[in-house]
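Novice: My file is input_10.csv. It has CSV, C-alpha atoms:
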chain,number,residue,atom,x,y,z
L,1,MET,CA,-19.5,11.9,29.6
L,2,PRO,CA,-18.7,8.4,28.7
L,3,THR,CA,-15.1,7.4,28.9
L,4,LEU,CA,-13.1,4.4,27.5
L,5,ARG,CA,-12.8,1.6,29.9
L,6,SER,CA,-9.2,0.6,30.8
L,7,ASN,CA,-8.1,-2.9,29.9
L,8,ARG,CA,-5.5,-2.9,32.7
L,9,LEU,CA,-5.7,-6.1,34.6
L,10,PRO,CA,-5.7,-6.0,38.4
L,11,ALA,CA,-2.3,-6.8,39.9
L,12,CYS,CA,-3.5,-10.0,41.5
L,13,SER,CA,-4.6,-11.5,38.2
L,14,ARG,CA,-1.4,-11.0,36.4
L,15,PRO,CA,0.3,-14.4,35.7
L,16,THR,CA,3.8,-13.1,35.6
L,17,PRO,CA,5.3,-9.8,36.6
L,18,ARG,CA,5.6,-7.5,33.6
L,19,PRO,CA,7.3,-4.1,33.2
L,20,PRO,CA,5.1,-1.1,33.9
L,21,ARG,CA,3.0,0.0,30.9
L,22,LEU,CA,4.6,2.9,29.1
L,23,GLU,CA,2.6,6.0,28.2
L,24,ASP,CA,2.0,6.6,24.4
L,25,HIS,CA,4.5,9.4,24.2
L,26,GLU,CA,7.2,7.2,25.8
L,27,ILE,CA,6.4,4.4,23.4
L,28,LEU,CA,6.7,6.7,20.4
L,29,LEU,CA,10.0,8.2,21.8
L,30,LYS,CA,11.5,4.7,22.2
L,31,PHE,CA,10.2,3.7,18.8
L,32,GLN,CA,12.3,6.5,17.1
L,33,ASP,CA,15.5,4.9,18.5
L,34,PRO,CA,16.4,1.8,16.4
L,35,ALA,CA,18.0,0.2,19.5
L,36,SER,CA,14.7,0.2,21.4
L,37,ARG,CA,12.3,0.0,18.5
L,38,ASN,CA,11.3,-3.6,18.9
L,39,LEU,CA,10.9,-3.3,22.6
L,40,ALA,CA,8.7,-0.2,22.3
L,41,PHE,CA,6.5,-1.9,19.7
L,42,ASN,CA,6.1,-5.0,21.8
L,43,GLN,CA,4.9,-2.7,24.6
L,44,LEU,CA,2.5,-1.0,22.2
L,45,VAL,CA,1.1,-4.4,21.1
L,46,ARG,CA,0.6,-5.5,24.7
L,47,LYS,CA,-1.1,-2.3,25.6
L,48,TYR,CA,-3.6,-2.3,22.8
L,49,GLN,CA,-4.0,-5.8,21.5
L,50,SER,CA,-7.1,-6.6,23.6
L,51,LYS,CA,-9.0,-3.5,22.5
L,52,VAL,CA,-8.0,-4.0,18.8
L,53,TYR,CA,-8.9,-7.7,18.9
L,54,TRP,CA,-12.4,-7.1,20.4
L,55,HIS,CA,-13.0,-4.1,18.1
L,56,VAL,CA,-12.3,-6.4,15.1
L,57,ARG,CA,-14.0,-9.4,16.6
L,58,LYS,CA,-17.3,-7.5,17.0
L,59,MET,CA,-17.2,-6.7,13.3
L,60,VAL,CA,-16.2,-10.1,11.9
L,61,ILE,CA,-17.5,-12.3,14.7
L,62,ASP,CA,-15.2,-15.3,13.9
L,63,HIS,CA,-12.1,-15.6,16.1
L,64,ASP,CA,-9.8,-16.8,13.4
L,65,ASP,CA,-10.7,-13.9,11.1
L,66,ALA,CA,-10.3,-11.5,14.1
L,67,ASP,CA,-6.9,-13.0,14.8
L,68,ASP,CA,-5.7,-12.6,11.3
L,69,LEU,CA,-7.0,-9.0,11.1
L,70,THR,CA,-5.6,-8.0,14.4
L,71,GLN,CA,-2.1,-9.2,13.3
L,72,ASP,CA,-2.5,-7.3,10.0
L,73,VAL,CA,-3.5,-4.2,11.9
L,74,PHE,CA,-0.4,-4.2,14.1
L,75,VAL,CA,1.9,-5.0,11.1
L,76,LYS,CA,0.4,-1.9,9.4
L,77,VAL,CA,0.9,0.1,12.6
L,78,TRP,CA,4.6,-0.9,12.5
L,79,LYS,CA,5.0,0.1,8.9
L,80,HIS,CA,3.5,3.5,9.4
L,81,LEU,CA,4.2,4.5,13.0
L,82,GLU,CA,7.4,6.3,11.9
L,83,ASN,CA,5.2,8.7,9.9
L,84,PHE,CA,2.5,9.1,12.6
L,85,ARG,CA,2.1,12.8,13.0
L,86,GLN,CA,0.6,12.8,16.5
L,87,ASP,CA,-2.1,15.2,15.5
L,88,ALA,CA,-4.5,12.5,16.8
L,89,ALA,CA,-4.2,10.2,19.8
L,90,LEU,CA,-2.2,7.0,19.1
L,91,PHE,CA,-5.1,4.8,20.1
L,92,THR,CA,-7.5,6.7,17.8
L,93,TRP,CA,-5.1,6.2,15.0
L,94,ILE,CA,-4.7,2.5,15.6
L,95,TYR,CA,-8.5,2.2,15.9
L,96,ARG,CA,-8.8,3.9,12.5
L,97,ILE,CA,-6.4,1.4,10.9
L,98,ALA,CA,-8.4,-1.5,12.5
L,99,THR,CA,-11.7,-0.1,11.3
L,100,ASN,CA,-10.4,0.2,7.7
L,101,GLU,CA,-9.1,-3.4,7.9
L,102,CYS,CA,-12.5,-4.6,9.0
L,103,LEU,CA,-14.5,-2.7,6.4
L,104,ASN,CA,-12.1,-3.9,3.7
L,105,PHE,CA,-12.3,-7.4,4.9
L,106,LEU,CA,-16.1,-7.4,4.9
L,107,GLY,CA,-16.2,-5.6,1.5
L,108,SER,CA,-13.8,-8.1,-0.1
L,109,LYS,CA,-15.7,-11.0,1.3
L,110,ARG,CA,-18.9,-9.6,-0.2
L,111,ARG,CA,-17.2,-9.0,-3.6
L,112,LYS,CA,-15.5,-12.4,-3.5
L,113,PHE,CA,-18.7,-14.4,-3.1
L,114,LEU,CA,-21.0,-11.8,-4.7
L,115,LEU,CA,-23.0,-11.8,-1.5
L,116,PRO,CA,-25.6,-9.1,-0.9
L,117,LEU,CA,-25.5,-7.3,2.5
L,118,THR,CA,-28.1,-9.6,4.2
L,119,ASP,CA,-26.2,-12.7,3.2
L,120,VAL,CA,-23.0,-11.6,4.9
L,121,GLY,CA,-25.2,-10.6,7.9
L,122,ALA,CA,-26.8,-14.1,7.8
L,123,GLU,CA,-23.4,-15.7,7.6
L,124,LEU,CA,-22.2,-13.8,10.7
L,125,ALA,CA,-25.5,-14.5,12.5
L,126,ALA,CA,-25.0,-18.2,11.9
L,127,LYS,CA,-21.6,-17.9,13.5
L,128,ILE,CA,-23.2,-16.1,16.5
L,129,GLU,CA,-25.9,-18.8,16.8
L,130,ALA,CA,-23.2,-21.5,16.8
L,131,ASP,CA,-21.3,-19.7,19.6
L,132,PRO,CA,-21.8,-21.5,22.9
L,133,ALA,CA,-21.5,-18.2,24.8
L,134,VAL,CA,-24.8,-17.0,23.4
L,135,ALA,CA,-26.7,-20.2,23.8
L,136,GLY,CA,-29.8,-19.9,25.9
L,137,ASP,CA,-30.0,-16.1,25.9
L,138,GLU,CA,-32.8,-15.4,23.4
L,139,ILE,CA,-32.9,-11.7,23.8
L,140,GLU,CA,-29.1,-11.4,23.5
L,141,LEU,CA,-29.2,-13.5,20.4
L,142,LYS,CA,-31.9,-11.4,18.8
L,143,LEU,CA,-30.0,-8.3,19.7
L,144,GLN,CA,-26.9,-9.6,18.0
L,145,LYS,CA,-28.9,-10.6,14.9
L,146,ALA,CA,-30.4,-7.2,14.8
L,147,ILE,CA,-27.0,-5.5,15.0
L,148,LEU,CA,-25.7,-7.8,12.3
L,149,ARG,CA,-28.5,-6.7,10.0
L,150,LEU,CA,-27.1,-3.1,10.0
L,151,PRO,CA,-24.9,-1.9,7.2
L,152,ASP,CA,-21.2,-2.3,8.0
L,153,LYS,CA,-20.5,1.3,8.7
L,154,GLN,CA,-23.6,1.8,10.8
L,155,ARG,CA,-22.7,-1.3,12.7
L,156,LEU,CA,-19.3,0.1,13.3
L,157,VAL,CA,-20.9,3.3,14.7
L,158,PHE,CA,-23.2,1.3,16.9
L,159,ASN,CA,-20.3,-0.8,18.3
L,160,LEU,CA,-18.1,2.2,19.0
L,161,ARG,CA,-20.9,4.1,20.8
L,162,TYR,CA,-22.9,1.3,22.5
L,163,TYR,CA,-20.2,-1.1,23.5
L,164,ASP,CA,-17.0,1.0,23.7
L,165,GLU,CA,-18.9,4.1,24.8
L,166,MET,CA,-16.6,6.2,22.8
L,167,PRO,CA,-17.2,10.0,22.7
L,168,TYR,CA,-18.6,11.2,19.4
L,169,GLU,CA,-15.6,13.5,18.9
L,170,GLN,CA,-13.3,10.5,19.1
L,171,MET,CA,-15.6,8.5,16.8
L,172,ALA,CA,-15.4,11.3,14.3
L,173,GLU,CA,-11.6,11.0,14.3
L,174,VAL,CA,-11.8,7.2,13.9
L,175,THR,CA,-14.3,7.2,11.1
L,176,GLY,CA,-13.6,10.5,9.4
L,177,THR,CA,-17.3,11.4,9.7
L,178,SER,CA,-18.9,14.5,11.3
L,179,VAL,CA,-20.3,14.3,14.8
L,180,GLY,CA,-23.7,15.2,13.5
L,181,ALA,CA,-23.7,12.4,11.0
L,182,LEU,CA,-22.5,10.0,13.6
L,183,LYS,CA,-25.3,11.0,16.1
L,184,ALA,CA,-27.9,10.5,13.3
L,185,SER,CA,-26.4,7.2,12.3
L,186,TYR,CA,-26.4,5.9,15.9
L,187,HIS,CA,-30.0,7.1,16.5
L,188,HIS,CA,-31.2,5.3,13.4
L,189,ALA,CA,-29.2,2.2,14.3
L,190,VAL,CA,-30.8,2.0,17.7
L,191,LYS,CA,-34.3,2.4,16.2
L,192,LYS,CA,-33.6,-0.4,13.7
L,193,VAL,CA,-32.3,-2.7,16.4
L,194,GLU,CA,-35.2,-2.1,18.8
L,195,GLU,CA,-37.7,-2.5,16.0
L,196,TYR,CA,-36.2,-5.9,14.9
L,197,VAL,CA,-36.0,-7.3,18.4
L,198,THR,CA,-39.6,-6.2,19.1
L,199,ARG,CA,-40.8,-7.7,15.9
L,200,THR,CA,-39.1,-11.0,16.4
L,201,THR,CA,-40.0,-11.5,20.0
L,202,ASP,CA,-43.1,-13.5,21.0
L,203,ASP,CA,-45.6,-12.1,23.5
G,1,MET,CA,-50.0,-6.8,23.7
G,2,LYS,CA,-46.4,-7.0,22.5
G,3,THR,CA,-44.0,-4.9,24.6
G,4,SER,CA,-41.5,-3.0,22.6
G,5,PHE,CA,-37.9,-3.7,23.2
G,6,LYS,CA,-35.8,-0.7,24.5
G,7,LEU,CA,-32.1,-0.8,24.2
G,8,ASP,CA,-31.6,1.4,27.3
G,9,ALA,CA,-33.6,-1.1,29.4
G,10,HIS,CA,-31.4,-4.0,28.3
G,11,PRO,CA,-28.4,-4.8,30.5
G,12,ARG,CA,-25.4,-3.2,28.8
G,13,ARG,CA,-22.4,-5.4,28.3
G,14,PRO,CA,-18.9,-4.2,27.4
G,15,ARG,CA,-19.0,-6.4,24.4
G,16,PRO,CA,-21.4,-8.9,22.7
G,17,LEU,CA,-21.8,-12.4,24.3
G,18,LEU,CA,-19.1,-14.0,22.2
G,19,SER,CA,-16.8,-16.9,23.3
G,20,GLU,CA,-13.5,-15.8,24.7
G,21,PRO,CA,-10.3,-16.3,22.6
G,22,PRO,CA,-8.3,-19.4,23.4
G,23,THR,CA,-6.5,-19.4,26.8
G,24,GLY,CA,-3.2,-17.6,26.6
G,25,TYR,CA,-4.1,-16.0,23.3
G,26,PHE,CA,-3.0,-12.5,24.3
G,27,ASP,CA,0.2,-13.8,25.8
G,28,LYS,CA,1.2,-15.4,22.5
G,29,LEU,CA,-0.1,-12.7,20.2
G,30,PRO,CA,2.7,-10.2,20.6
G,31,THR,CA,5.3,-12.9,19.7
G,32,GLN,CA,3.3,-13.8,16.6
G,33,ILE,CA,3.0,-10.2,15.6
G,34,MET,CA,6.7,-9.5,16.2
G,35,ALA,CA,7.6,-12.5,14.0
G,36,ARG,CA,5.6,-11.0,11.1
G,37,LEU,CA,7.2,-7.6,11.2
G,38,PRO,CA,9.4,-6.7,8.2
G,39,GLN,CA,12.9,-6.4,9.6
G,40,ALA,CA,14.4,-3.0,8.7
G,41,ASP,CA,17.8,-4.2,9.8
G,42,ALA,CA,18.0,-6.6,6.8
G,43,ARG,CA,18.3,-3.7,4.5
G,44,PRO,CA,21.8,-2.6,3.6
G,45,ALA,CA,22.6,0.4,5.8
G,46,ALA,CA,23.4,3.6,4.0
G,47,PRO,CA,26.5,5.5,5.0
G,48,GLY,CA,26.0,7.9,7.9
G,49,TRP,CA,26.3,11.1,5.9
G,50,LEU,CA,23.8,9.7,3.3
G,51,ALA,CA,21.2,9.0,6.0
G,52,TRP,CA,21.1,12.7,6.8
G,53,LEU,CA,20.1,13.7,3.2
G,54,THR,CA,16.4,13.9,2.3
G,55,PRO,CA,15.1,11.3,-0.1
G,56,ALA,CA,14.7,13.8,-2.9
G,57,LEU,CA,18.3,14.9,-2.5
G,58,ARG,CA,19.5,11.3,-2.5
G,59,THR,CA,17.6,10.7,-5.7
G,60,GLY,CA,19.2,13.7,-7.3
G,61,LEU,CA,22.6,12.7,-6.2
G,62,ALA,CA,22.1,9.2,-7.7
G,63,SER,CA,21.0,10.8,-11.0
G,64,VAL,CA,24.1,13.0,-11.1
G,65,ALA,CA,26.3,10.0,-10.4
G,66,VAL,CA,24.7,8.0,-13.3
G,67,LEU,CA,25.0,10.8,-15.8
G,68,GLY,CA,28.6,11.5,-14.6
G,69,GLY,CA,29.4,7.8,-15.3
G,70,PHE,CA,28.1,8.1,-18.8
G,71,ALA,CA,30.0,11.3,-19.5
G,72,ALA,CA,33.2,9.7,-18.1
G,73,SER,CA,32.9,6.6,-20.2
G,74,PHE,CA,32.4,8.8,-23.3
G,75,TYR,CA,35.5,10.8,-22.4
G,76,MET,CA,37.7,7.8,-21.6
G,77,SER,CA,36.7,5.9,-24.8
G,78,GLY,CA,37.9,8.9,-26.9
G,79,THR,CA,36.9,9.7,-30.5
G,80,PRO,CA,38.0,7.4,-33.4
G,81,ARG,CA,41.1,8.7,-35.2
G,82,LEU,CA,40.2,10.3,-38.5
G,83,THR,CA,42.5,9.5,-41.3
G,84,PRO,CA,43.0,12.5,-43.6
G,85,ALA,CA,40.8,12.1,-46.7
G,86,THR,CA,43.7,12.9,-48.9
G,87,ALA,CA,45.8,10.0,-47.6
G,88,SER,CA,44.0,7.3,-49.6
G,89,THR,CA,43.7,9.4,-52.7
G,90,ALA,CA,47.3,10.5,-52.5
G,91,SER,CA,48.4,6.9,-52.4
G,92,LEU,CA,46.1,6.2,-55.4
G,93,ASP,CA,47.7,9.0,-57.3
G,94,ALA,CA,51.0,7.1,-57.1
G,95,VAL,CA,49.5,4.2,-59.0
G,96,PRO,CA,50.1,4.4,-62.7
G,97,ARG,CA,47.0,4.9,-64.9
G,98,THR,CA,47.6,1.8,-67.0
G,99,GLU,CA,47.7,-0.3,-63.8
G,100,LEU,CA,44.5,1.2,-62.7
G,101,VAL,CA,42.8,0.6,-66.0
G,102,GLY,CA,44.1,-2.9,-66.0
G,103,TYR,CA,42.8,-3.5,-62.5
G,104,LEU,CA,39.4,-2.2,-63.4
G,105,LEU,CA,39.1,-4.2,-66.5
G,106,THR,CA,40.4,-7.6,-65.2
G,107,SER,CA,39.4,-7.7,-61.5
G,108,GLY,CA,35.7,-8.0,-62.2
G,109,ALA,CA,35.1,-4.9,-60.1
G,110,ARG,CA,32.2,-3.0,-61.5
G,111,VAL,CA,32.2,0.8,-61.3
G,112,GLU,CA,28.7,2.1,-60.5
G,113,ASN,CA,27.3,5.5,-61.1
G,114,SER,CA,27.3,5.9,-57.3
G,115,ASP,CA,31.1,5.3,-57.2
G,116,LEU,CA,31.7,8.0,-59.8
G,117,ALA,CA,29.4,10.3,-57.9
G,118,VAL,CA,31.3,9.8,-54.6
G,119,LEU,CA,34.6,10.3,-56.4
G,120,THR,CA,33.6,13.5,-58.2
G,121,ALA,CA,32.2,14.9,-55.0
G,122,ALA,CA,35.5,14.3,-53.2
G,123,HIS,CA,37.6,15.7,-56.1
G,124,PRO,CA,35.4,18.0,-58.2
G,125,ASN,CA,38.1,18.5,-60.8
G,126,ILE,CA,39.2,14.9,-61.2
G,127,ALA,CA,37.4,14.5,-64.5
G,128,LYS,CA,38.9,17.6,-66.1
G,129,GLY,CA,41.9,15.6,-67.3
G,130,PHE,CA,40.0,13.1,-69.4
G,131,LEU,CA,36.5,14.2,-69.7
G,132,ARG,CA,36.5,17.0,-72.3
G,133,VAL,CA,32.9,17.8,-73.1
G,134,SER,CA,31.0,21.0,-73.5
G,135,ASP,CA,28.3,22.1,-71.1
G,136,GLU,CA,25.6,21.4,-73.7
G,137,GLU,CA,26.9,17.8,-74.2
G,138,LEU,CA,27.0,17.4,-70.4
G,139,THR,CA,23.5,18.6,-70.0
G,140,ASN,CA,22.2,16.3,-72.7
G,141,ALA,CA,24.0,13.3,-71.1
G,142,LEU,CA,22.5,14.1,-67.7
G,143,ASP,CA,19.0,14.4,-69.1
G,144,GLU,CA,19.3,10.9,-70.6
G,145,GLN,CA,20.2,9.4,-67.2
G,146,PRO,CA,17.4,7.5,-65.3
G,147,SER,CA,15.8,9.7,-62.7
G,148,GLU,CA,17.0,7.6,-59.7
G,149,ASP,CA,20.7,7.9,-60.8
G,150,LEU,CA,20.4,11.7,-60.9
G,151,THR,CA,20.5,11.9,-57.2
G,152,TYR,CA,24.2,11.0,-57.3
G,153,LEU,CA,25.2,13.6,-59.8
Show me, as C-alpha cells, the structure contained in the file I just sent.

Specialist:
Amino acid sequence: MPTLRSNRLPACSRPTPRPPRLEDHEILLKFQDPASRNLAFNQLVRKYQSKVYWHVRKMVIDHDDADDLTQDVFVKVWKHLENFRQDAALFTWIYRIATNECLNFLGSKRRKFLLPLTDVGAELAAKIEADPAVAGDEIELKLQKAILRLPDKQRLVFNLRYYDEMPYEQMAEVTGTSVGALKASYHHAVKKVEEYVTRTTDD
Amino acid sequence: MKTSFKLDAHPRRPRPLLSEPPTGYFDKLPTQIMARLPQADARPAAPGWLAWLTPALRTGLASVAVLGGFAASFYMSGTPRLTPATASTASLDAVPRTELVGYLLTSGARVENSDLAVLTAAHPNIAKGFLRVSDEELTNALDEQPSEDLTYL
C-alpha cells in the first residue's frame, strides 16, 4: 500500500538546529492556548509548507503563483483551525484547502481571460517548456504536456495518485469524491497521458 | 513501428521536473505567512465572564440591553403635563361678552366653521344661551351647508 513520503530532512543537512517537530495533536493543543498559538502555527507551517507548496506548484506550475497560493492556504488554515473538528487528519484537511485554492485560482483565471480549457493548459505548458529543469528531457516534457491537457480535477487526481502516491481513501477525503470515481478518473487519466505521449513521440 | 508509451515503465519521480524555488525560500516562508495573519489580539478583549457565554446568548444579551435603554429613556423623559381642558375655557368665561365680541370684530381674527365645530364639541351646550332655533330650522341650516363643512358639525 503506498504511503506518503516524509519531507523530514536528514539531520546532517539541516542548516540550523531547530526544535523537534511536534505531532499534529500537540500542535492543535498548543494552538488552543492563546499564549502558544503563534508558536504552534509556526510549527504547523514549517511542517507542511513544502508539501503544500509542491501540491500547489504541480497545479499552477509557476513559482510566483504557487508562492501566493501557498500563503493564502496557510492564512485560511489559521482562520479556520479553531473550528477544525478533527474528524479528518490535519494534513488531509490542509490538502483540501490547498486543492480548493488551486481549483478556484485556475477557474478564475479561465473566467478572467475567457480562456477555454486547452488555452490554460497551453499557457501552463509554455511555462513548463521555459523551465530550465525540463530542458533536454523530451519524454518528460511530453509527459508534462500530456498531464496539463487533463481537466483540472482529473489532473489533481492524477497528481495525488501518481506523484504523491496518496491512498484512494485519503484522496476521497481531500476531494470529496468516492473511491470508485477516483479510481475510474485516474485510470482514464493514465490512458489519456499514455495515448498523448505515444502519439507525439517519433519512431 | 511506433512503441506505445507506458507510464509504469517511465521512471517515477516524486514530482514533475520543475525548477526548485529560490534558495532559502522555505526558511523565509513561515515569517512571510506569520506577517500576513490577522492578529486576534488587536480586537478589544471581552470581559472574562462574557467570553464564557455562547455567541447566541451574547447577541440576546445585547438586544435586551438595547431595548432596556429605550425603555429607560422613555421612563426618564416622562409624559408631558396635561393641562385640564377646563382651565382655558374657565379663564375665557371670566372675559366679558362685550370684550369678546369687540375682539372678534376688530382683531381681524376670522372664525371658521372648524373653530365653531371644535368649540361645540368641547362644550355641547355652549350655543344654548344664544342660539335659539327649532330642530327643523337647524336641519334646514345644516342641509344648506357645503358638503365638506358637514364633517365638522

Novice: Which neighbours of Pro16 in chain G fall inside 10 Å, counting all atoms listed in the file, when residues of the same chain fewer than 2 positions from it are skipped, and could you give them as a PyMOL selection string?

Specialist: (chain L and resi 54+57-58+61+128+133-134+140-141+143-144+159+163) or (chain G and resi 12-14+18-19)

Novice: With C-alpha atoms retained, could you export that selection as a PDB file, in the coordinates of the input?

Specialist:
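Listing of out.pdb after writing:
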ATOM      1  CA  TRP L  54     -12.400  -7.100  20.400  1.00  0.00           C
ATOM      2  CA  ARG L  57     -14.000  -9.400  16.600  1.00  0.00           C
ATOM      3  CA  LYS L  58     -17.300  -7.500  17.000  1.00  0.00           C
ATOM      4  CA  ILE L  61     -17.500 -12.300  14.700  1.00  0.00           C
ATOM      5  CA  ILE L 128     -23.200 -16.100  16.500  1.00  0.00           C
ATOM      6  CA  ALA L 133     -21.500 -18.200  24.800  1.00  0.00           C
ATOM      7  CA  VAL L 134     -24.800 -17.000  23.400  1.00  0.00           C
ATOM      8  CA  GLU L 140     -29.100 -11.400  23.500  1.00  0.00           C
ATOM      9  CA  LEU L 141     -29.200 -13.500  20.400  1.00  0.00           C
ATOM     10  CA  LEU L 143     -30.000  -8.300  19.700  1.00  0.00           C
ATOM     11  CA  GLN L 144     -26.900  -9.600  18.000  1.00  0.00           C
ATOM     12  CA  ASN L 159     -20.300  -0.800  18.300  1.00  0.00           C
ATOM     13  CA  TYR L 163     -20.200  -1.100  23.500  1.00  0.00           C
TER      14      TYR L 163
ATOM     15  CA  ARG G  12     -25.400  -3.200  28.800  1.00  0.00           C
ATOM     16  CA  ARG G  13     -22.400  -5.400  28.300  1.00  0.00           C
ATOM     17  CA  PRO G  14     -18.900  -4.200  27.400  1.00  0.00           C
ATOM     18  CA  LEU G  18     -19.100 -14.000  22.200  1.00  0.00           C
ATOM     19  CA  SER G  19     -16.800 -16.900  23.300  1.00  0.00           C
TER      20      SER G  19
END

Novice: Neighbouring residues of range 40-42 of chain L were defined as those with any atom within 8 Å, considering all atoms listed in the file; residues of the same chain fewer than 5 positions away were excluded. Please report them as a list in words.

Specialist: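 My reading of the contact set: Ile27, Leu28, Lys30, Phe31 and Trp78 of chain L; Pro30 and Met34 of chain G.
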
Novice: Please produce, as JSON lines, a per-residue contact table for chain G versus chain L (criterion: any atom at most 6 Å away, all atoms listed in the file considered), showing the nearest atom pair and its distance in Å to one decimal, sorted by chain then residue number.

Specialist:
{"residue": "G:Lys2", "atom": "CA", "partner": "L:Asp203", "partner_atom": "CA", "distance": 5.3}
{"residue": "G:Ser4", "atom": "CA", "partner": "L:Thr198", "partner_atom": "CA", "distance": 5.1}
{"residue": "G:Phe5", "atom": "CA", "partner": "L:Thr198", "partner_atom": "CA", "distance": 5.1}
{"residue": "G:Lys6", "atom": "CA", "partner": "L:Glu194", "partner_atom": "CA", "distance": 5.9}
{"residue": "G:Pro14", "atom": "CA", "partner": "L:Tyr163", "partner_atom": "CA", "distance": 5.1}
{"residue": "G:Arg15", "atom": "CA", "partner": "L:Tyr163", "partner_atom": "CA", "distance": 5.5}
{"residue": "G:Leu17", "atom": "CA", "partner": "L:Val134", "partner_atom": "CA", "distance": 5.6}
{"residue": "G:Leu18", "atom": "CA", "partner": "L:Ala133", "partner_atom": "CA", "distance": 5.5}
{"residue": "G:Ser19", "atom": "CA", "partner": "L:Ala133", "partner_atom": "CA", "distance": 5.1}
{"residue": "G:Ile33", "atom": "CA", "partner": "L:Gln71", "partner_atom": "CA", "distance": 5.7}
{"residue": "G:Leu37", "atom": "CA", "partner": "L:Val75", "partner_atom": "CA", "distance": 5.9}

Novice: Go ahead and compute the interatomic distance for CA of Val179 in chain L and CA of Val52 in chain L, in Å to one decimal.

Specialist: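 Computed distance, CA of Val179 in chain L to CA of Val52 in chain L, equals 22.4 Å.
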
Novice: With all atoms listed in the file as the counted atoms, please give the residues lying no more than 10 Å from range 89-93 of chain L, apart from itself and same-chain residues fewer than 3 positions off, as a ChimeraX atom specification.

Specialist: /L:24-25,27-28,44,47-48,51-52,77,81,84-86,96-99,170-175

Novice: Go ahead and compute the interatomic distance for CA of Glu101 in chain L and CA of Ala146 in chain L, in Å to one decimal.

Specialist: 22.7 Å

Novice: One decimal, in Å: what's the spacing between CA of Arg110 in chain L and CA of Thr200 in chain L?

Specialist: 26.2 Å

Novice: Name the closest residue to Ala126 in chain L among the candidates L:Asp65, L:Leu148, L:Ala181, L:Lys112; distances are taken between atoms, counting all atoms listed in the file.

Specialist: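 That would be L:Leu148, the residue with the smallest distance to Ala126 in chain L.
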
Novice: Please write out, as lines of an AutoDock Vina configuration file, where the centre of an axis-aligned box around all listed atoms of range 138-141 of chain L lies and how long its edges are, in Å to one decimal, after adding 8 Å on each side.

Specialist:
center_x = -31.0
center_y = -13.4
center_z = 22.1
size_x = 19.8
size_y = 20.0
size_z = 19.4
